[in-house]
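Student: I'd like to ask some things about the structure below.
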Amino acid sequence: MGPMPERPKLRPCVSSPSEQTNDFVSKARSEETNTLCSLASTLYLCSISQTKPFADSLQLNSPKSPANMGQENHHKRSTSGASLPTSNARGRATALPRGRQIQKTFNNIKITILCGFVTILVLRGTIGVNLGSSDADAVNQNLIEETNRILAEIRSDADPSDPDDQQPFNPNATFSLGPKIDNWDQERQNWLRQNPEYPNSVRGKPRILLLTGSPPKPCDNPIGDHYLLKSIKNKIDYCRLHGIEIVYNLAHLDVELAGYWAKLPMIRRLMLSHPEVEWIWWMDSDAFFTDMVFELPMSKYDAYNLVLHGYPDLLFDQKSWIAVNTGSFLFRNCQWSLDLLDDWAPMGPKGPVREEAGKILTANLKGRPAFEADDQSALIYLLLSKKEKWMDKVFLENSFYLHGYWAGLVDRYEEMIEKYHPGLGDERWPFVTHFVGCKPCGSYGDYPVERCLSSMERAYNFADNQVLKLYGFRHRGLLSPKIKRIRNETVTPLEFVDQFDIRRHSSESKEVKS
Amino acid sequence: MLDRCLGMRRVRQIQRACRHSTVTFLCLFLTVVVLRGTIGAGKFGTPEQDFNEIRHHISAARARRVLEETKPDAGTNTDSNPNNYATFDISKILVDEPPTEDEKREPNAPYTLGPKISDWDEQRRSWLRANPDYPNFIRPNKPRVLLVTGSSPKPCENPVGDHYLVKSIKNKIDYCRVHGIEIFYNMALLDAEMAGFWAKLPLIRKLLLSHPEVEFLWWMDSDAMFTDMAFEVPWDRYKDSNFVMHGWNEMVYDEKNWIGLNTGSFLLRNCQWSLDILDAWAPMGPKGKIRDEAGKVLTRELKNRPVFEADDQSAMVYLLATGREKWGDKVYLENHYYLHGYWGILVDRYEEMIENYHPGLGDHRWPLVTHFVGCKPCGKFGDYPVERCLKQMDRAYNFGDNQILQMYGFTHRTLASRKVKKVRNDTGNPLEIKDDLGLLHPAFKAIKLPSS
């Protein structure tokens with residue numbers, strides 16, 4: 001029995017012998033702290049840290065009541081040793097209760113922290129938890145910001161490495177596409193004679209170069225680039241089937257002639273660099289071939305140098321600004337074309353010239369809204385004002401859709417599939433479907449987006465079906481990117497090749513004609 | 001309180017028991033956890049696996065949020081203008097017809113690319129005889145080549161991915177125009193079972209059989225760019241080979257290294273042998289269990305291959321390494337020029353190349369092809385930082401484009417710039433000017449003159 005004179009109010013209900021109570025309490029405490037640290041090493045550390053406060057309290061108490069302590073220690077080792085100091089501590093509580101409590105609390109906290117730390121170490125060893133992962137969110141945020149910054153930079157017009165070379169407007173300088181050339185026909189004939197391995201006609205067909213292009217930077221929205229990609233694939237397919245070369249322009253050769261005027265310097269440059277090319281065919285990026293079999297009747301244009309889709313009455317009688325379309329036209333490679341380009345270009349240079357020219361064109365052409373000068377209106381104005389000089393070599397084609405305005409065509413594709421066949425090129429099966437006004441590469445078009453994009457998808461698939469026919473597939477509907485098989489695989493594929501290859505059929509029909 | 005009801009001793013006992021049991025369970029739990037951590041518990045996994053799974057889930061969710069957030073804010077844009085492209089969702093307009101009955105493949109039948117053809121060489125020869133206007137050789141050493149590339153018919157997940165696809169196809173159009181090669185750009189998935197990197201196999205077979213006039217089919221990935229416009233492939237080096245890939249014999253046959261060759265840019269002759277190797281190549285491709293199991297086999301058999309489903313490149317390494325006697329003599333592993341050039345070691349050296357060398361070499365001095373493996377610009381995530389990939393693709397594109405523009409007297413202002421500047425003044429006699437590289441009227445494009 002130990003001395004139990006005063007018991008603090010902490011344990012009012014304890015009536016059993018204090019030593020038993022204290023036994024149990026301290027034993028439980030030590031067991032708890034021990035097991036929480038789980039591994040042998042942690043147990044060792046904890047036991048070390050545990051015995052320390054007890055040792056402290058032992059030493060503290062021993063001078064006070066050595067006789068009691070010695071007896072108790074002798075009998076009950078650590079547990080009783082634990083009990084005695086506490087009981088002694090409690091006995092002394094009257095003198096220093098606060099201090100002892102603080103020290104005990106402090107020791108407990110120390111133990112807890114140490115064991116917690118060791119647990120984390122152990123967990124780290126087994127699982128590999130890196131408790132620095134709370135900054136994953138910060139990393140994520142950085143990733144978003146970084147990606148946004150990169151995309152904005154790619155999309156912007158500003159070139160960090162370029163000096164700003166804005167040239168001051170000089171009203172006295174007249175714009176020119178290049179030094180005047182006067183004898184191009186002669187030069188070209190000489191060159192062709194000297195280079196027979198680069199003839200200007202192949203297998204009876206004049207050599208044609210298809211020129212198309214788009215702005216150098218990404219479209220204002222991603223879907224625009226996707227339709228540019230589909231458009232170029234559509235042109236690649238047509239040109240492969242008809243032996244036409246493609247040049248895709250992504251550069252502004254002349255800073256002043258940017259936008260729709262950019263085609264002029266490029267056409268001139270290509271003509272002068274490729275004398276073996278007989279015709280240069282400009283086609284807008286928003287124009288799709290929808291008749292893969294139809295071939296241009298080039299023999300019809302032997303006496304002409306410029307082939308445009310248009311209507312004479314709209315042009316001469318009504319002076320309409322949409323009398324012809326410069327989204328799809330052909331230029332012969334000759335002196336006449338160089339001269340026309342020189343006469344066409346002056347309304348183009350960016351800035352006050354283009355603005356002023358726009359006003360003139362709006363005033364003179366029927367139905368033209370007010371905006372800066374565009375190449376189509378400028379050409380119409382030129383053909384009207386200098387009719388005698390130019391019109392005799394210009395062919396206004398409207399027997400087939402060299403340019404086909406999309407709105408009247410796209411809804412009739414199913415009807416066309418049912419009633420007609422490719423190769424006609426006209427309103428029964430349009431050669432080209434041109435999506436004027438849709439402007440998928442910009443932010444806003446002149447028509448609702450859903451209408452434009454679904455129509456472009458239909459036109460693209462309508463054309464692609466004609467290409468896939470050779471391979472035995474077609475699209476699952478005119479709005480579907482997926483394809484389905486329409487012809488089983490065989491062990492003699494060449495019979496179908498003979499039947500369906502567009503190339504061989506067009507050249508055969510050509511031979512029949514000649 | 002309880003102690004008043006049950007008696008002190010009882011309460012004390014209960015409390016003690018509770019404490020003991022708590023301690024016991026805690027011990028037990030910790031022991032199990034620690035043992036699981038050290039030894040592992042078989043299919044119940046280890047804590048590391050758990051953690052990886054959890055992390056993967058969280059990061060996948062986070063990752064989706066990252067790229068959804070970087071897309072133009074459709075939700076926050078209050079502009080409901082129907083003419084505005086930014087707020088439009090393309091999936092609204094795409095519609096598929098439902099599949100018909102005869103399309104369903106028998107599930108137990110082994111996969112084949114098509115019915116076995118055994119006499120393709122004879123069929124092709126008689127067709128060429130019947131069609132002299134479509135010879136398979138344009139000139140004695142110049143076979144007719146079809147370059148095949150492609151991309152998905154759906155818009156890219158990355159907002160600028162389609163723009164880079166446009167630049168990539170323009171780059172290929174330029175090279176092929178200068179070298180007299182035709183292009184087929186594929187945007188159709190011919191066989192749903194062979195989706196992903198395997199989609200090229202049914203396509204290649206279909207094109208070989210539909211274009212008998214084509215002598216060589218050149219497959220090129222959409223993330224590969226031509227960077228040497230003047231280099232002409234040495235066709236007569238391959239007159240006895242049917243399959244040309246960039247790679248090293250030792251790495252494929254001896255080491256069985258999964259990157260011993262590259263199937264991002266290769267040449268395949270149009271002949272019976274090629275149809276046979278396509279049939280031997282295809283079995284690891286079909287999506288699902290077959291591809292996953294094959295992936296495990298390939299990881300086991302090939303050196304350094306990470307764990308993922310079977311891809312066409314590893315399958316080709318495996319096929320060649322295990323079937324050298326059957327296929328090896330007609331396969332040419334080219335490494336004297338970069339038929340495929342890994343971008344990581346090339347893109348930083350462009351300025352050095354411009355200073356020291358010239359186009360037409362095709363090798364490490366001026367690579368023919370710079371292939372952006374791992375960049376995946378069309379997808380959400382690549383294996384490399386986005387900025388590095390996109391900026392370097394711009395540089396590689398401009399590096400190649402400069403060689404085309406110099407024909408017309410222009411060049412890019414810098415390798416990073418979209419703008420061009422004139423480097424040759426226009427003259428009144430344009431035909432006297434020869435471009436430096438001779439690409440305007442090169443010999444390899446000249447038409448064979450009729451012998452009569």
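Labels for the structure tokens follow display order: chains A, B, ..., residues from 1 in each chain, ligands from 1.
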Write out, as CSV, each residue of chain A that has an atom at most 6 Å from chain B, together with the closest pair of atoms and their distance in Å to one decimal, counting only C-alpha atoms, rows going by chain and rising number.

Tutor:
```
residue,atom,partner,partner_atom,distance
A:Thr35,CA,B:Cys27,CA,6.0
A:Thr126,CA,B:Gly37,CA,4.9
A:Ile127,CA,B:Glu48,CA,4.5
A:Ile144,CA,B:Val66,CA,5.8
A:Asn148,CA,B:Thr70,CA,5.9
A:Pro179,CA,B:Gly428,CA,5.7
A:Ile181,CA,B:Gly428,CA,5.4
A:Glu197,CA,B:Ile447,CA,5.1
A:Pro218,CA,B:His163,CA,5.6
A:Asn221,CA,B:Ala86,CA,5.8
A:Pro222,CA,B:Pro159,CA,5.1
A:Asp225,CA,B:Asp162,CA,5.3
A:His226,CA,B:Asp162,CA,5.3
A:Leu229,CA,B:Val166,CA,5.5
A:Ser443,CA,B:Tyr85,CA,5.4
A:Tyr444,CA,B:Asn84,CA,4.8
A:Gly445,CA,B:Asn83,CA,5.6
A:Tyr447,CA,B:Asn83,CA,5.8
A:Pro448,CA,B:Asn83,CA,4.3
A:Val449,CA,B:Asn83,CA,4.9
A:Ser454,CA,B:Ile93,CA,5.9
A:Arg476,CA,B:Glu97,CA,5.2
A:Gly477,CA,B:Glu97,CA,5.8
A:Leu479,CA,B:Leu94,CA,5.3
A:Ser480,CA,B:Asp96,CA,4.9
A:Pro481,CA,B:Pro153,CA,5.7
A:Val491,CA,B:Ile117,CA,5.3
A:Val497,CA,B:Ser210,CA,5.9
```

Student: Quick one: pick out all strand (DSSP E) residues within range 251-418 of chain B from a backbone DSSP run and write them as a count of residues only.

Tutor: 19

Student: Taking only range 195-413 of chain A into account, list the residues labelled alpha helix (DSSP H) by DSSP (computed from the backbone), as a ChimeraX atom specification.

Tutor: /A:222-242,263-273,312,335-344,352-364,375-385,387-390,413

Student: Would you mind telling me which residue in A:Ile232, A:Ile280, A:Ala459, A:Ile109 lies nearest to Tyr413 in chain A when using only C-alpha atoms?

Tutor: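 The shortest atom-to-atom distance to Tyr413 in chain A comes from A:Ala459.
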